[in-house]
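Below is one structure, written out as structure tokens; comments come after it.
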Amino acid sequence: MEERKQSRFYTYLPIFLCSLAIPLSMFMWLGHLAFTKFTTHPEDDNLEIPPTRWLMSILIPTLFAVYGYRRKGVNLSGAIFGFILAVVLTVANYAFLSCLMVFFITGSRATKFRSAQKAKIEEDFRGGEGKRNWIQVLCNAGMGLQLSFLYLIDCGPGERPIDFGPLYRSSWLGIALLSSFACSNGDTWASELGSVLNKADPFLITTRKRVPRGTNGGVTPIGLLVSFLGGLAIGIGYYLTIIYSVDRAILLRSPPQWPLIIFGGIAGLFGSVIDSLIGATLQFSGQDEKGHIVEHPGKNVRHISGIRILDNHSVNLISSIVTGLIMPTFAIHFWP
């Protein structure tokens, strides 16, 4: 009986939440109109947000959060923070939301891939039962959240092509956000897929010595390849959103947008390398008596690499920030 009630609750939860999307979005739209009326110049429509965008910024994140929670990709705190994150990204730029969705969906799939094999390697691996909490969501997407706020404040909401001429600031912020998500996705693919697809043990990126699978800073050729592919997936999501949401006439006057895919792949690979370098030096890796890789020293723990300064969440956050700051400068000089 209890299971039937719980099943019914989860069945009607999306319907209930979606029914709140319209009144909540209208409330936010009216509040936004009141705020901009007293804080912006009458001729400045840069921050004007139509009610349809407010509706999408509530409806899509709601469905997305419910999907992630029901699929056990996030726990309750992760779903709530993910909802807030998705709202900001949707208001700013639909292409930003597509980066988040590609990262979450493909990253969750990669985490569950051969989970039984990973459980034998990592002490704290929980595979399909592992749920991202708000801290994990923040460390992987926090840079994207900050960049979205900057995009809204500096450029206003809306989709814009990458053009480092007249649209320099929006292009810089767009590439930075793309790169930060590509870094997170590339590192996730490398960690979750590379660790089980490669037959040989990885080598430590700083010394090139062979280390056990799951060691922080350990890399493999397949891991580096899938990190590039993970970033490529983010780039494809961003590219398709821009192609189908930006006015055709504007696209014809703009530079080609296909490099978004390539730069996404490069950012995924670059971010994964940065993550590995930090992990190999500033993150502790050891092996306990059961053969599990642990991130803290202790009795009967054999030290492999690194010192205990940062944890995995900190490394993910720092690498996404570094990648997001460096890649726009790289893109400016090489964009066609």
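Here, A, B, ... name the chains of the structure tokens in the order displayed, residue numbers run from 1 inside each chain, and ligands are numbered from 1 in the same displayed order.
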
Open item on the list: Applying 12 Å and only C-alpha atoms, which residues near Phe330 (chain A) remain after dropping the ones on its own chain fewer than 6 positions away? List them as a VMD selection string.
Closed with: chain A and resid 164 172 175 to 176 179 263 266 to 267 270 323 to 324

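Shell of Val322 (chain A) at 10 Å, with only C-alpha atoms counted and residues fewer than 5 places along the chain excluded, is Met143, Ala176, Ser179, Ser180, Cys183, Phe270, Gly271, Ile274, Asp275, Leu317 and Met327 of chain A.
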
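Neighbours of region 298-308 of chain A closer than or equal to 9 Å, with only C-alpha atoms counted and sequence neighbours fewer than 3 positions away skipped, come out as Leu204, Val211, Pro212, Thr215, Asn216, Gly217, Ile278, Gly279, Ala280, Thr281, Leu282, Gln283, Phe284, Ser285, Gly286, Gln287, Asp288, Glu289, Val294, Glu295 and Asp311 of chain A.
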
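Within the 7 Å cut-off around Thr90 (chain A), using only C-alpha atoms and omitting residues fewer than 5 positions from it on the same chain, the listed residues are Ser57, Phe96 and Leu97 of chain A.
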
Task: strand (DSSP E or B) per DSSP on the backbone: members of region 49-237 of chain A, as a PyMOL selection string - done: chain A and resi 74+122+132+203-204+210+218-219

Would you save the residues of that selection, restricted to N, CA, C and O atoms, as a PDB file, in the first residue's frame?
ATOM      1  N   VAL A  74      20.391  12.875  -8.980  1.00  0.00           N
ATOM      2  CA  VAL A  74      20.664  13.854  -7.937  1.00  0.00           C
ATOM      3  C   VAL A  74      19.773  13.548  -6.735  1.00  0.00           C
ATOM      4  O   VAL A  74      18.713  12.928  -6.880  1.00  0.00           O
ATOM      5  N   GLU A 122      37.240   1.819  -6.617  1.00  0.00           N
ATOM      6  CA  GLU A 122      37.125   3.016  -5.794  1.00  0.00           C
ATOM      7  C   GLU A 122      36.360   2.706  -4.517  1.00  0.00           C
ATOM      8  O   GLU A 122      35.304   2.084  -4.551  1.00  0.00           O
ATOM      9  N   ARG A 132      24.157  12.949  -7.091  1.00  0.00           N
ATOM     10  CA  ARG A 132      24.871  14.208  -6.928  1.00  0.00           C
ATOM     11  C   ARG A 132      24.119  15.090  -5.939  1.00  0.00           C
ATOM     12  O   ARG A 132      22.923  15.299  -6.064  1.00  0.00           O
ATOM     13  N   PHE A 203      48.873   5.773 -16.427  1.00  0.00           N
ATOM     14  CA  PHE A 203      50.152   6.299 -15.959  1.00  0.00           C
ATOM     15  C   PHE A 203      49.910   7.680 -15.360  1.00  0.00           C
ATOM     16  O   PHE A 203      49.016   8.416 -15.788  1.00  0.00           O
ATOM     17  N   LEU A 204      50.702   7.998 -14.344  1.00  0.00           N
ATOM     18  CA  LEU A 204      50.565   9.288 -13.674  1.00  0.00           C
ATOM     19  C   LEU A 204      51.043  10.384 -14.615  1.00  0.00           C
ATOM     20  O   LEU A 204      52.132  10.298 -15.189  1.00  0.00           O
ATOM     21  N   ARG A 210      53.356   3.876 -14.098  1.00  0.00           N
ATOM     22  CA  ARG A 210      52.088   3.149 -14.028  1.00  0.00           C
ATOM     23  C   ARG A 210      51.541   3.189 -12.593  1.00  0.00           C
ATOM     24  O   ARG A 210      52.286   2.991 -11.632  1.00  0.00           O
ATOM     25  N   GLY A 218      45.876   9.930 -12.846  1.00  0.00           N
ATOM     26  CA  GLY A 218      46.200   8.864 -13.783  1.00  0.00           C
ATOM     27  C   GLY A 218      45.462   9.052 -15.101  1.00  0.00           C
ATOM     28  O   GLY A 218      44.267   9.346 -15.115  1.00  0.00           O
ATOM     29  N   VAL A 219      46.165   8.915 -16.216  1.00  0.00           N
ATOM     30  CA  VAL A 219      45.570   9.115 -17.532  1.00  0.00           C
ATOM     31  C   VAL A 219      45.884   7.918 -18.429  1.00  0.00           C
ATOM     32  O   VAL A 219      46.859   7.187 -18.214  1.00  0.00           O
TER      33      VAL A 219
END

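Of the residues under consideration (A:Gly194, A:Pro255, A:Gly174, A:Pro166), A:Gly174 shows the shortest atom-to-atom contact distance to Ser148 (chain A) when counting only C-alpha atoms.
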
Using the chain letters and numbers from this document, which residues of region 161-241 of chain A does DSSP assign to helix (DSSP H, G or I), as a short mmCIF file (atom, residue, chain, number, x, y, z; two decimals) with all heavy atoms, in the first residue's frame?
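Writing done, so here's states-v3.cif:
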data_model
loop_
_atom_site.label_atom_id
_atom_site.label_comp_id
_atom_site.auth_asym_id
_atom_site.auth_seq_id
_atom_site.Cartn_x
_atom_site.Cartn_y
_atom_site.Cartn_z
N TYR A 168 31.73 41.10 -28.95
CA TYR A 168 32.91 40.59 -28.25
C TYR A 168 32.57 40.06 -26.86
O TYR A 168 32.96 38.94 -26.50
CB TYR A 168 33.96 41.70 -28.13
CG TYR A 168 35.17 41.29 -27.32
CD1 TYR A 168 36.21 40.59 -27.92
CD2 TYR A 168 35.26 41.59 -25.95
CE1 TYR A 168 37.33 40.19 -27.18
CE2 TYR A 168 36.36 41.20 -25.21
CZ TYR A 168 37.38 40.50 -25.83
OH TYR A 168 38.47 40.11 -25.09
N ARG A 169 31.86 40.83 -26.06
CA ARG A 169 31.62 40.45 -24.67
C ARG A 169 30.73 39.21 -24.56
O ARG A 169 31.02 38.30 -23.78
CB ARG A 169 31.02 41.62 -23.89
CG ARG A 169 32.02 42.75 -23.66
CD ARG A 169 31.43 43.88 -22.87
NE ARG A 169 30.34 44.54 -23.60
CZ ARG A 169 29.66 45.58 -23.14
NH1 ARG A 169 29.95 46.08 -21.95
NH2 ARG A 169 28.70 46.13 -23.85
N SER A 170 29.65 39.17 -25.34
CA SER A 170 28.78 37.99 -25.29
C SER A 170 29.50 36.77 -25.84
O SER A 170 29.29 35.64 -25.36
CB SER A 170 27.49 38.24 -26.08
OG SER A 170 27.75 38.43 -27.45
N SER A 171 30.37 36.94 -26.83
CA SER A 171 31.12 35.83 -27.40
C SER A 171 32.14 35.29 -26.39
O SER A 171 32.30 34.08 -26.24
CB SER A 171 31.83 36.26 -28.69
OG SER A 171 30.91 36.67 -29.66
N TRP A 172 32.82 36.21 -25.70
CA TRP A 172 33.80 35.81 -24.69
C TRP A 172 33.12 35.00 -23.59
O TRP A 172 33.59 33.92 -23.20
CB TRP A 172 34.48 37.03 -24.10
CG TRP A 172 35.73 36.74 -23.33
CD1 TRP A 172 37.02 36.85 -23.76
CD2 TRP A 172 35.81 36.28 -21.95
NE1 TRP A 172 37.90 36.49 -22.76
CE2 TRP A 172 37.18 36.13 -21.64
CE3 TRP A 172 34.88 35.98 -20.98
CZ2 TRP A 172 37.63 35.70 -20.40
CZ3 TRP A 172 35.31 35.53 -19.74
CH2 TRP A 172 36.66 35.41 -19.46
N LEU A 173 32.00 35.50 -23.09
CA LEU A 173 31.29 34.81 -22.01
C LEU A 173 30.71 33.49 -22.50
O LEU A 173 30.68 32.50 -21.76
CB LEU A 173 30.18 35.71 -21.47
CG LEU A 173 30.65 36.95 -20.70
CD1 LEU A 173 29.48 37.90 -20.43
CD2 LEU A 173 31.33 36.55 -19.38
N GLY A 174 30.23 33.46 -23.75
CA GLY A 174 29.69 32.22 -24.29
C GLY A 174 30.73 31.12 -24.41
O GLY A 174 30.49 29.97 -24.03
N ILE A 175 31.90 31.48 -24.92
CA ILE A 175 32.98 30.49 -25.04
C ILE A 175 33.47 30.06 -23.66
O ILE A 175 33.79 28.88 -23.45
CB ILE A 175 34.15 31.08 -25.87
CG1 ILE A 175 33.73 31.30 -27.32
CG2 ILE A 175 35.36 30.14 -25.82
CD1 ILE A 175 33.39 30.02 -28.07
N ALA A 176 33.52 30.99 -22.72
CA ALA A 176 33.95 30.65 -21.36
C ALA A 176 32.99 29.64 -20.73
O ALA A 176 33.41 28.66 -20.11
CB ALA A 176 34.04 31.91 -20.51
N LEU A 177 31.68 29.88 -20.88
CA LEU A 177 30.71 28.94 -20.31
C LEU A 177 30.76 27.59 -21.01
O LEU A 177 30.74 26.54 -20.37
CB LEU A 177 29.31 29.53 -20.38
CG LEU A 177 28.22 28.68 -19.73
CD1 LEU A 177 27.26 29.54 -18.90
CD2 LEU A 177 27.43 27.89 -20.77
N LEU A 178 30.83 27.62 -22.32
CA LEU A 178 30.96 26.38 -23.09
C LEU A 178 32.17 25.58 -22.61
O LEU A 178 32.09 24.36 -22.40
CB LEU A 178 31.09 26.70 -24.58
CG LEU A 178 31.63 25.60 -25.49
CD1 LEU A 178 30.60 24.50 -25.66
CD2 LEU A 178 32.03 26.16 -26.85
N SER A 179 33.28 26.27 -22.40
CA SER A 179 34.52 25.60 -22.02
C SER A 179 34.45 25.03 -20.61
O SER A 179 34.98 23.94 -20.36
CB SER A 179 35.69 26.59 -22.12
OG SER A 179 35.81 27.09 -23.44
N SER A 180 33.80 25.74 -19.69
CA SER A 180 33.71 25.23 -18.33
C SER A 180 32.88 23.96 -18.27
O SER A 180 33.24 23.00 -17.57
CB SER A 180 33.12 26.30 -17.40
OG SER A 180 31.77 26.57 -17.72
N PHE A 181 31.79 23.91 -19.01
CA PHE A 181 30.98 22.69 -19.04
C PHE A 181 31.69 21.58 -19.82
O PHE A 181 31.58 20.40 -19.46
CB PHE A 181 29.61 22.97 -19.67
CG PHE A 181 28.60 23.49 -18.70
CD1 PHE A 181 28.17 24.81 -18.75
CD2 PHE A 181 28.08 22.68 -17.71
CE1 PHE A 181 27.24 25.29 -17.86
CE2 PHE A 181 27.16 23.15 -16.79
CZ PHE A 181 26.74 24.47 -16.86
N ALA A 182 32.40 21.95 -20.88
CA ALA A 182 33.16 20.94 -21.64
C ALA A 182 34.24 20.32 -20.76
O ALA A 182 34.51 19.12 -20.84
CB ALA A 182 33.78 21.58 -22.88
N CYS A 183 34.87 21.15 -19.92
CA CYS A 183 35.87 20.64 -18.98
C CYS A 183 35.25 19.62 -18.02
O CYS A 183 35.79 18.52 -17.84
CB CYS A 183 36.48 21.80 -18.20
SG CYS A 183 37.46 21.32 -16.76
N SER A 184 34.12 19.97 -17.43
CA SER A 184 33.46 19.07 -16.48
C SER A 184 33.02 17.79 -17.16
O SER A 184 33.18 16.69 -16.61
CB SER A 184 32.26 19.78 -15.84
OG SER A 184 32.66 20.91 -15.10
N ASN A 185 32.46 17.91 -18.35
CA ASN A 185 31.98 16.72 -19.05
C ASN A 185 33.14 15.86 -19.54
O ASN A 185 33.10 14.62 -19.45
CB ASN A 185 31.10 17.11 -20.24
CG ASN A 185 30.12 16.02 -20.62
OD1 ASN A 185 29.50 15.41 -19.75
ND2 ASN A 185 29.96 15.78 -21.91
N GLY A 186 34.18 16.50 -20.05
CA GLY A 186 35.34 15.75 -20.51
C GLY A 186 36.02 14.99 -19.39
O GLY A 186 36.40 13.82 -19.55
N ASP A 187 36.14 15.63 -18.24
CA ASP A 187 36.75 14.96 -17.09
C ASP A 187 35.87 13.81 -16.59
O ASP A 187 36.38 12.76 -16.20
CB ASP A 187 36.99 15.97 -15.96
CG ASP A 187 37.59 15.32 -14.73
OD1 ASP A 187 38.71 14.79 -14.81
OD2 ASP A 187 36.92 15.31 -13.69
N THR A 188 34.55 14.01 -16.60
CA THR A 188 33.63 12.95 -16.17
C THR A 188 33.73 11.75 -17.10
O THR A 188 33.81 10.60 -16.66
CB THR A 188 32.18 13.47 -16.15
OG1 THR A 188 32.08 14.55 -15.22
CG2 THR A 188 31.23 12.37 -15.74
N TRP A 189 33.73 12.00 -18.40
CA TRP A 189 33.86 10.90 -19.37
C TRP A 189 35.19 10.18 -19.19
O TRP A 189 35.24 8.95 -19.24
CB TRP A 189 33.73 11.43 -20.79
CG TRP A 189 32.34 11.71 -21.24
CD1 TRP A 189 31.30 12.18 -20.48
CD2 TRP A 189 31.81 11.55 -22.56
NE1 TRP A 189 30.17 12.33 -21.24
CE2 TRP A 189 30.45 11.96 -22.52
CE3 TRP A 189 32.36 11.14 -23.77
CZ2 TRP A 189 29.64 11.94 -23.66
CZ3 TRP A 189 31.55 11.13 -24.91
CH2 TRP A 189 30.20 11.51 -24.84
N ALA A 190 36.27 10.94 -19.00
CA ALA A 190 37.59 10.33 -18.85
C ALA A 190 37.66 9.47 -17.60
O ALA A 190 38.21 8.36 -17.61
CB ALA A 190 38.66 11.42 -18.80
N SER A 191 37.09 9.96 -16.49
CA SER A 191 37.14 9.22 -15.23
C SER A 191 36.24 8.00 -15.25
O SER A 191 36.64 6.92 -14.79
CB SER A 191 36.71 10.14 -14.07
OG SER A 191 37.55 11.26 -13.99
N GLU A 192 35.03 8.16 -15.79
CA GLU A 192 34.05 7.09 -15.72
C GLU A 192 34.17 6.07 -16.85
O GLU A 192 33.87 4.89 -16.66
CB GLU A 192 32.63 7.68 -15.72
CG GLU A 192 32.36 8.68 -14.62
CD GLU A 192 32.44 8.06 -13.25
OE1 GLU A 192 32.41 6.81 -13.13
OE2 GLU A 192 32.54 8.81 -12.26
N LEU A 193 34.60 6.50 -18.02
CA LEU A 193 34.72 5.59 -19.16
C LEU A 193 36.15 5.10 -19.36
O LEU A 193 36.40 3.92 -19.60
CB LEU A 193 34.22 6.27 -20.44
CG LEU A 193 32.76 6.72 -20.44
CD1 LEU A 193 32.41 7.40 -21.76
CD2 LEU A 193 31.81 5.57 -20.17
N GLY A 194 37.10 6.04 -19.26
CA GLY A 194 38.49 5.67 -19.49
C GLY A 194 39.02 4.66 -18.50
O GLY A 194 39.86 3.81 -18.83
N SER A 195 38.51 4.71 -17.25
CA SER A 195 39.01 3.82 -16.21
C SER A 195 38.63 2.36 -16.46
O SER A 195 39.29 1.45 -15.94
CB SER A 195 38.48 4.26 -14.84
OG SER A 195 37.06 4.22 -14.82
N VAL A 196 37.56 2.12 -17.23
CA VAL A 196 37.11 0.74 -17.45
C VAL A 196 37.28 0.28 -18.90
O VAL A 196 37.26 -0.92 -19.17
CB VAL A 196 35.63 0.58 -17.03
CG1 VAL A 196 35.49 0.77 -15.54
CG2 VAL A 196 34.72 1.55 -17.77
N LEU A 197 37.44 1.22 -19.83
CA LEU A 197 37.61 0.84 -21.23
C LEU A 197 39.05 0.48 -21.56
O LEU A 197 39.29 -0.35 -22.43
CB LEU A 197 37.14 1.98 -22.15
CG LEU A 197 35.63 2.24 -22.19
CD1 LEU A 197 35.32 3.43 -23.10
CD2 LEU A 197 34.87 1.01 -22.69
N PRO A 221 45.43 6.75 -22.89
CA PRO A 221 45.09 7.25 -24.23
C PRO A 221 43.59 7.27 -24.48
O PRO A 221 43.06 8.23 -25.04
CB PRO A 221 45.81 6.28 -25.17
CG PRO A 221 46.96 5.76 -24.36
CD PRO A 221 46.45 5.67 -22.96
N ILE A 222 42.89 6.20 -24.06
CA ILE A 222 41.44 6.16 -24.25
C ILE A 222 40.77 7.23 -23.40
O ILE A 222 39.80 7.88 -23.83
CB ILE A 222 40.89 4.77 -23.90
CG1 ILE A 222 41.38 3.74 -24.93
CG2 ILE A 222 39.37 4.78 -23.85
CD1 ILE A 222 40.87 2.33 -24.69
N GLY A 223 41.26 7.45 -22.18
CA GLY A 223 40.70 8.48 -21.32
C GLY A 223 40.83 9.86 -21.92
O GLY A 223 39.90 10.68 -21.86
N LEU A 224 41.99 10.16 -22.51
CA LEU A 224 42.18 11.45 -23.16
C LEU A 224 41.27 11.60 -24.38
O LEU A 224 40.73 12.68 -24.64
CB LEU A 224 43.65 11.61 -23.57
CG LEU A 224 44.66 11.68 -22.42
CD1 LEU A 224 46.08 11.70 -22.96
CD2 LEU A 224 44.40 12.92 -21.55
N LEU A 225 41.09 10.50 -25.11
CA LEU A 225 40.21 10.53 -26.28
C LEU A 225 38.77 10.80 -25.87
O LEU A 225 38.09 11.66 -26.46
CB LEU A 225 40.30 9.21 -27.04
CG LEU A 225 39.32 9.04 -28.21
CD1 LEU A 225 39.56 10.11 -29.27
CD2 LEU A 225 39.44 7.65 -28.82
N VAL A 226 38.27 10.09 -24.86
CA VAL A 226 36.88 10.29 -24.47
C VAL A 226 36.67 11.64 -23.80
O VAL A 226 35.55 12.18 -23.83
CB VAL A 226 36.38 9.15 -23.55
CG1 VAL A 226 36.38 7.82 -24.27
CG2 VAL A 226 37.18 9.07 -22.26
N SER A 227 37.71 12.23 -23.20
CA SER A 227 37.57 13.58 -22.66
C SER A 227 37.35 14.58 -23.80
O SER A 227 36.56 15.52 -23.66
CB SER A 227 38.80 13.97 -21.83
OG SER A 227 39.95 14.10 -22.65
N PHE A 228 38.04 14.37 -24.91
CA PHE A 228 37.81 15.20 -26.09
C PHE A 228 36.39 15.01 -26.62
O PHE A 228 35.71 15.98 -26.96
CB PHE A 228 38.84 14.85 -27.18
CG PHE A 228 38.63 15.60 -28.47
CD1 PHE A 228 39.11 16.89 -28.63
CD2 PHE A 228 37.96 15.01 -29.54
CE1 PHE A 228 38.92 17.59 -29.82
CE2 PHE A 228 37.77 15.69 -30.72
CZ PHE A 228 38.25 16.99 -30.87
N LEU A 229 35.92 13.75 -26.65
CA LEU A 229 34.57 13.47 -27.13
C LEU A 229 33.52 14.04 -26.19
O LEU A 229 32.46 14.50 -26.63
CB LEU A 229 34.38 11.96 -27.28
CG LEU A 229 35.26 11.27 -28.32
CD1 LEU A 229 35.01 9.76 -28.33
CD2 LEU A 229 35.02 11.85 -29.71
N GLY A 230 33.79 14.02 -24.87
CA GLY A 230 32.86 14.61 -23.91
C GLY A 230 32.70 16.10 -24.13
O GLY A 230 31.59 16.64 -24.07
N GLY A 231 33.82 16.79 -24.37
CA GLY A 231 33.75 18.22 -24.69
C GLY A 231 33.08 18.46 -26.02
O GLY A 231 32.35 19.45 -26.20
N LEU A 232 33.31 17.56 -26.97
CA LEU A 232 32.69 17.66 -28.28
C LEU A 232 31.16 17.62 -28.17
O LEU A 232 30.45 18.34 -28.87
CB LEU A 232 33.18 16.52 -29.18
CG LEU A 232 33.27 16.77 -30.69
CD1 LEU A 232 34.36 17.79 -30.97
CD2 LEU A 232 33.58 15.47 -31.42
N ALA A 233 30.65 16.77 -27.27
CA ALA A 233 29.20 16.66 -27.07
C ALA A 233 28.63 17.99 -26.57
O ALA A 233 27.54 18.42 -27.00
CB ALA A 233 28.90 15.55 -26.08
N ILE A 234 29.34 18.67 -25.66
CA ILE A 234 28.90 19.98 -25.19
C ILE A 234 28.90 20.98 -26.34
O ILE A 234 27.96 21.77 -26.49
CB ILE A 234 29.81 20.48 -24.05
CG1 ILE A 234 29.76 19.51 -22.86
CG2 ILE A 234 29.40 21.88 -23.62
CD1 ILE A 234 28.45 19.47 -22.14
N GLY A 235 29.94 20.95 -27.15
CA GLY A 235 30.02 21.86 -28.29
C GLY A 235 28.90 21.65 -29.28
O GLY A 235 28.35 22.61 -29.84
N ILE A 236 28.53 20.40 -29.52
CA ILE A 236 27.43 20.10 -30.44
C ILE A 236 26.11 20.67 -29.90
O ILE A 236 25.32 21.25 -30.64
CB ILE A 236 27.32 18.58 -30.67
CG1 ILE A 236 28.53 18.09 -31.46
CG2 ILE A 236 26.03 18.23 -31.41
CD1 ILE A 236 28.59 16.57 -31.59
N GLY A 237 25.88 20.49 -28.60
CA GLY A 237 24.66 21.03 -27.99
C GLY A 237 24.57 22.53 -28.13
O GLY A 237 23.51 23.09 -28.47
N TYR A 238 25.67 23.23 -27.86
CA TYR A 238 25.71 24.69 -27.98
C TYR A 238 25.49 25.10 -29.43
O TYR A 238 24.70 26.02 -29.73
CB TYR A 238 27.05 25.21 -27.47
CG TYR A 238 27.09 26.69 -27.15
CD1 TYR A 238 27.26 27.13 -25.84
CD2 TYR A 238 26.98 27.64 -28.15
CE1 TYR A 238 27.30 28.48 -25.54
CE2 TYR A 238 27.03 29.00 -27.87
CZ TYR A 238 27.18 29.41 -26.56
OH TYR A 238 27.22 30.75 -26.27
N TYR A 239 26.19 24.44 -30.34
CA TYR A 239 26.11 24.78 -31.77
C TYR A 239 24.69 24.63 -32.30
O TYR A 239 24.16 25.53 -32.98
CB TYR A 239 27.07 23.89 -32.55
CG TYR A 239 26.88 23.94 -34.05
CD1 TYR A 239 27.36 25.03 -34.79
CD2 TYR A 239 26.24 22.91 -34.73
CE1 TYR A 239 27.19 25.09 -36.16
CE2 TYR A 239 26.07 22.95 -36.11
CZ TYR A 239 26.54 24.05 -36.81
OH TYR A 239 26.36 24.10 -38.16
N LEU A 240 24.04 23.50 -32.02
CA LEU A 240 22.70 23.26 -32.53
C LEU A 240 21.70 24.28 -31.98
O LEU A 240 20.79 24.73 -32.69
CB LEU A 240 22.25 21.84 -32.18
CG LEU A 240 22.99 20.71 -32.90
CD1 LEU A 240 22.51 19.35 -32.39
CD2 LEU A 240 22.82 20.81 -34.42
N THR A 241 21.87 24.65 -30.71
CA THR A 241 20.96 25.64 -30.13
C THR A 241 21.11 26.99 -30.81
O THR A 241 20.11 27.66 -31.10
CB THR A 241 21.23 25.78 -28.62
OG1 THR A 241 21.17 24.50 -28.00
CG2 THR A 241 20.20 26.71 -27.98
#

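For the choices A:Ile58, A:Glu159, A:Leu63, A:Leu85, the atom-to-atom distance to Tyr244 (chain A) is smallest for A:Glu159 when using only C-alpha atoms.
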
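From CA of Phe81 (chain A) back to CA of Met101 (chain A), the distance works out to 14.2 Å.
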
TODO: Go through A:Ile250, A:Gly68, A:Pro297, A:Ala141 one by one, measure the shortest atom-to-atom distance of each to Leu100 (chain A) using only C-alpha atoms, and give the residue with the smallest value.
DONE: A:Ala141
